[in-house]
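The structure under discussion appears below in the form of structure tokens.
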Amino acid sequence: MWSDKVVGAQDTVLAKLRLLIAGWAQETDEPGDLSKGLAEYDVSQNRHREVVFRPLGEDAFEVAVTDRASGDHTEWVTMIRTVLDGESVHTFVELTMSSDDLARRVSVGRPKIVHDLLESADKPYLGGSGLVSGALAIPANGIAILTEMLGKPARTLPIIVCAEPNGRHDQSWLQTAEMIAARAEGVAVVITLDRDAVAAFKGEFGFLAIWDGGIRVYAPGVVTKESEGWRHRYYVRSRLDEHRWSTIDRIVYSVTQLSTRRRVPDLFRRFDQRAGVRMQASEGMVSAREFADAREQWEFELELARDEQSSLERELASSNGHLARLKEALTDLGLTDVLWGTQHDATARIPDEVQYTSEAALAGQLYLSDWLSLPDSAIRELEDIDTAPEAFNWGNKTWRGLRALAAYAEDRARGWDKGGFWEWCASGPLLGWPATPKKLSMTESESVQNSDKLSRTRIMKVDSTVQESGEITMLAHLKISEGGGNLAPRVYFYDDTGGPTRKVHVGFIGPHYLVPNKSSN
């Protein structure tokens, strides 16, 4: 999403944008004008496009472009909406993908029309952030510009900063920066720093800066040298050298998932969210079968939400009772200041919440390592989870689950010996996880354990201190969400709190489709 000032007559501005969109949709330099309704085109790479144009008066229009390749069951839909508002023009572009293959891997990036539209704009912006095309090089004497950008309270876009490597190199770091800038165009700003600029930036930002070919993604909001570094993900040069493409994918996903959760401004509410879909249906109607399927899904989700609410209310009541007893005990001991002093303790190291599941995994590695072993190999294909509508919810449930596993290991080390993780959770500890079949399973069904195909997916990496081979079968798992289908996250773990490491070992954080069972096949 972005806004720009109107240059020239309003009807001329809209006509120019329509022509750009038509040229992109038809893949030609001499496109036919968009006309109301449905038009179809065969384009490059054996793809077929359906283009639906819908004007809303003289000051707004919507274009929905559906793209399919011959023989492929995957469908891409690009929705473009434009609204004139006084002296400003506002643009919204949304790209979605659906497929019969739920495990299909895709590389996310902006559609080319975003580049074309931004190139045609005068000074596009989103909130307090200006949008730029390509990577922006900042020299050493311009570092104040970067620090000012990072310190702006009104900044709404993440800033990706790429550093030149030390020593001799082949300039591929600049190619990496340009690739990231192209794919993240419109949702992030990419900055490159040469060696002198890297040194100057490090002098200003200390350990929150970058160095030697690394890349850091600075999340939106005010960032200073005193900010928490873990919120601004750092990718070291060695990782880029060894896993260049997957690292670029992860960086792009990390900023695009923020974009998917951005609130759509009120001025776009005039667009009916289902209008473009209905225009492609016969006579503008949705079939009775489609309506029945949708109703069944809504009822299922409503039942899940009710179960979740009931569970949360029970946990809240239990936690409030526990806190009330803690307050009474501290008051009796004359330690009331401890009670109130820790309520809003800004110096607390462990965060109360995270933004998405990848951040939960990173926070687990940073803050829970005394009691939790969480290797990089356990973090699997979180890109789609991080970009799902439930991303914030799933991320914080995952974070809560990891904290519960670590708290259990710590209590075991301090003498708790009344069973395993299930029994510990059932005893009502402050950081516990719900001990219910819908949220926790300490084993797998016989059908899973007796199937070579299914059981192999539960063989996971583990510390060689636990198992000399470095692999072990993990059956116990947290069910982060019952809803969400095959994408719903799972956390598999092995309890070694009674063994040599005295830790809980996490072997898997990822989507359900990577650890399928009979019902999900």
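So you can find residues: chains in the structure tokens are A, B, ... in the order shown, residues in each start at 1, and ligands are numbered from 1 in order.
Non-sequential neighbours of Tyr494 of chain A (distance at most 6 Å, separation of 2 or more positions within a chain, only C-alpha atoms) are Met474, Val504 and His505 of chain A.
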If you run DSSP on the backbone, which residues of segment 54-241 of chain A are strand (DSSP E), as a PyMOL selection string?
-> chain A and resi 54-55+60-69+74-85+88-99+125-126+129-130+136-137+159-163+189-193+215-218+234-235
Take the residues from that selection and put them in a file with C-alpha atoms, as a PDB file, in the first residue's frame.
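Saved result, part.pdb, follows:
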ATOM      1  CA  ARG A  54     -14.574  -2.707 -11.929  1.00  0.00           C
ATOM      2  CA  PRO A  55     -14.842   1.096 -11.830  1.00  0.00           C
ATOM      3  CA  ALA A  60     -11.714   4.760  -7.957  1.00  0.00           C
ATOM      4  CA  PHE A  61     -11.342   1.415  -9.688  1.00  0.00           C
ATOM      5  CA  GLU A  62     -10.419  -2.190  -8.973  1.00  0.00           C
ATOM      6  CA  VAL A  63      -8.636  -4.758 -11.148  1.00  0.00           C
ATOM      7  CA  ALA A  64      -8.479  -8.466 -10.282  1.00  0.00           C
ATOM      8  CA  VAL A  65      -6.027 -10.544 -12.340  1.00  0.00           C
ATOM      9  CA  THR A  66      -6.161 -14.339 -12.016  1.00  0.00           C
ATOM     10  CA  ASP A  67      -3.123 -16.152 -13.415  1.00  0.00           C
ATOM     11  CA  ARG A  68      -2.874 -19.902 -14.114  1.00  0.00           C
ATOM     12  CA  ALA A  69      -0.333 -22.004 -15.990  1.00  0.00           C
ATOM     13  CA  THR A  74      -2.014 -23.362  -8.604  1.00  0.00           C
ATOM     14  CA  GLU A  75      -3.788 -20.017  -8.993  1.00  0.00           C
ATOM     15  CA  TRP A  76      -2.349 -16.551  -8.403  1.00  0.00           C
ATOM     16  CA  VAL A  77      -4.648 -13.567  -7.911  1.00  0.00           C
ATOM     17  CA  THR A  78      -3.381  -9.979  -7.968  1.00  0.00           C
ATOM     18  CA  MET A  79      -5.882  -7.418  -6.692  1.00  0.00           C
ATOM     19  CA  ILE A  80      -5.167  -3.750  -7.494  1.00  0.00           C
ATOM     20  CA  ARG A  81      -7.274  -0.938  -6.036  1.00  0.00           C
ATOM     21  CA  THR A  82      -6.831   2.768  -6.596  1.00  0.00           C
ATOM     22  CA  VAL A  83      -8.663   5.658  -4.919  1.00  0.00           C
ATOM     23  CA  LEU A  84      -8.386   9.411  -5.447  1.00  0.00           C
ATOM     24  CA  ASP A  85      -8.808  11.465  -2.294  1.00  0.00           C
ATOM     25  CA  SER A  88      -3.652  12.308  -3.113  1.00  0.00           C
ATOM     26  CA  VAL A  89      -3.943   8.998  -4.931  1.00  0.00           C
ATOM     27  CA  HIS A  90      -3.861   5.802  -2.849  1.00  0.00           C
ATOM     28  CA  THR A  91      -2.943   2.361  -4.192  1.00  0.00           C
ATOM     29  CA  PHE A  92      -3.457  -1.101  -2.730  1.00  0.00           C
ATOM     30  CA  VAL A  93      -1.967  -4.257  -4.272  1.00  0.00           C
ATOM     31  CA  GLU A  94      -2.638  -7.699  -2.827  1.00  0.00           C
ATOM     32  CA  LEU A  95      -1.139 -10.939  -4.121  1.00  0.00           C
ATOM     33  CA  THR A  96      -2.615 -14.289  -3.062  1.00  0.00           C
ATOM     34  CA  MET A  97      -1.919 -17.861  -4.054  1.00  0.00           C
ATOM     35  CA  SER A  98      -4.011 -21.021  -3.687  1.00  0.00           C
ATOM     36  CA  SER A  99      -3.118 -24.546  -4.727  1.00  0.00           C
ATOM     37  CA  TYR A 125       5.015   6.950   0.822  1.00  0.00           C
ATOM     38  CA  LEU A 126       3.355   4.837   3.499  1.00  0.00           C
ATOM     39  CA  SER A 129       8.209   6.007   5.293  1.00  0.00           C
ATOM     40  CA  GLY A 130       9.127   6.830   1.723  1.00  0.00           C
ATOM     41  CA  LEU A 136      19.867   2.762  -1.693  1.00  0.00           C
ATOM     42  CA  ALA A 137      23.620   3.250  -1.089  1.00  0.00           C
ATOM     43  CA  ILE A 159      14.700  -1.257   6.822  1.00  0.00           C
ATOM     44  CA  ILE A 160      17.054  -3.946   5.513  1.00  0.00           C
ATOM     45  CA  VAL A 161      20.713  -2.914   5.817  1.00  0.00           C
ATOM     46  CA  CYS A 162      23.384  -4.830   3.869  1.00  0.00           C
ATOM     47  CA  ALA A 163      27.103  -4.506   4.679  1.00  0.00           C
ATOM     48  CA  VAL A 189      13.540  -0.214   2.250  1.00  0.00           C
ATOM     49  CA  VAL A 190      16.945  -1.730   1.387  1.00  0.00           C
ATOM     50  CA  ILE A 191      20.156   0.134   2.286  1.00  0.00           C
ATOM     51  CA  THR A 192      23.735  -0.791   1.325  1.00  0.00           C
ATOM     52  CA  LEU A 193      26.820   0.330   3.272  1.00  0.00           C
ATOM     53  CA  ILE A 215      22.427  -8.195   6.761  1.00  0.00           C
ATOM     54  CA  ARG A 216      20.123  -6.882   9.473  1.00  0.00           C
ATOM     55  CA  VAL A 217      16.374  -6.340   9.241  1.00  0.00           C
ATOM     56  CA  TYR A 218      15.295  -3.432  11.441  1.00  0.00           C
ATOM     57  CA  TYR A 234      20.802 -10.398  11.947  1.00  0.00           C
ATOM     58  CA  TYR A 235      22.085 -12.692   9.179  1.00  0.00           C
TER      59      TYR A 235
END
Which residues, written as number ranges by chain, have at least one atom at most 9 Å from segment 366-381 of chain A, with only C-alpha atoms counted and residues fewer than 2 positions away on the same chain left out?
-> A: 105, 230, 349-351, 358, 361-364, 383-385, 402-403, 405-410, 460-463, 492, 497, 501-511, 514
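Every protein or nucleic acid residue with an atom no more than 10 Å from Gly128 of chain A, counting only C-alpha atoms and leaving out same-chain residues fewer than 6 positions away, appears here: Met149, Lys152, Pro153, Ala154, Arg155, Thr156 and Leu157 of chain A.
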Filtering to N, CA and C atoms, could you give me those residues as a CSV table (one decimal), in the first residue's frame?
chain,number,residue,atom,x,y,z
A,149,MET,N,16.5,7.8,9.9
A,149,MET,CA,15.4,7.0,9.4
A,149,MET,C,15.0,6.0,10.5
A,152,LYS,N,12.9,7.4,13.5
A,152,LYS,CA,11.6,8.0,13.3
A,152,LYS,C,10.5,7.2,14.0
A,153,PRO,N,9.7,7.9,14.8
A,153,PRO,CA,8.5,7.2,15.4
A,153,PRO,C,7.5,6.8,14.4
A,154,ALA,N,7.4,7.6,13.3
A,154,ALA,CA,6.4,7.4,12.3
A,154,ALA,C,6.8,6.4,11.2
A,155,ARG,N,8.0,5.8,11.4
A,155,ARG,CA,8.4,4.8,10.3
A,155,ARG,C,7.5,3.6,10.3
A,156,THR,N,7.0,3.2,9.2
A,156,THR,CA,6.1,2.1,9.1
A,156,THR,C,6.7,0.9,8.3
A,157,LEU,N,7.8,1.1,7.6
A,157,LEU,CA,8.4,0.0,6.8
A,157,LEU,C,9.6,-0.5,7.5
Would you please extract all alpha helix (DSSP H) residues from segment 47-241 of chain A, as assigned by DSSP on the backbone, and give them as JSON, numbers by chain?
-> {"A": [112, 113, 114, 115, 116, 117, 118, 119, 120, 143, 144, 145, 146, 147, 148, 149, 150, 172, 173, 174, 175, 176, 177, 178, 179, 180, 181, 182, 183, 195, 196, 197, 198, 199, 200, 201, 202, 203, 204, 205, 237, 238, 239, 240, 241]}
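With only C-alpha atoms as the atoms that count, the residue of A:Gly415, A:Pro139, A:Gly134, A:Gly214 with the shortest distance to Glu164 of chain A is A:Gly214.
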Could you tell me which of A:Leu20, A:Val187, A:Leu475, A:Ile480 comes closest to Ala121 of chain A if we count only C-alpha atoms?
-> A:Leu20
Shortest interatomic distance to Ala209 of chain A - which of A:Asn396, A:Ser441, A:Ser44, A:Ser227, counting only C-alpha atoms | A:Ser227
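Restricting the calculation to only C-alpha atoms, the smallest distance between Asp116 of chain A and any of A:Glu185, A:Asp194, A:Asp100, A:Glu87 is found for A:Glu185.
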Go through A:Ile248, A:Val198, A:Leu117, A:Val236 one by one, measure the shortest atom-to-atom distance of each to Glu178 of chain A using only C-alpha atoms, and give the residue with the smallest value.
-> A:Ile248
Ala184 of chain A surroundings by only C-alpha atoms, 12 Å radius, close-in-sequence under 3 positions cut, as number ranges by chain | A: 107-112, 114-115, 131-135, 157-160, 177-181, 187-190, 217, 248-259
Tell me, as a count of residues only, which residues lie within 10 Å of Glu40 of chain A, counting only C-alpha atoms; anything in the same chain fewer than 4 positions away does not count.
-> 9
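Nearest residue to Leu150 of chain A, choosing from A:Phe53, A:Phe271, A:Trp422, A:Phe205 and counting only C-alpha atoms: A:Phe205.
Here atom CA of Asn46 of chain A stands at a distance of 13.6 Å from atom CA of His73 of chain A.
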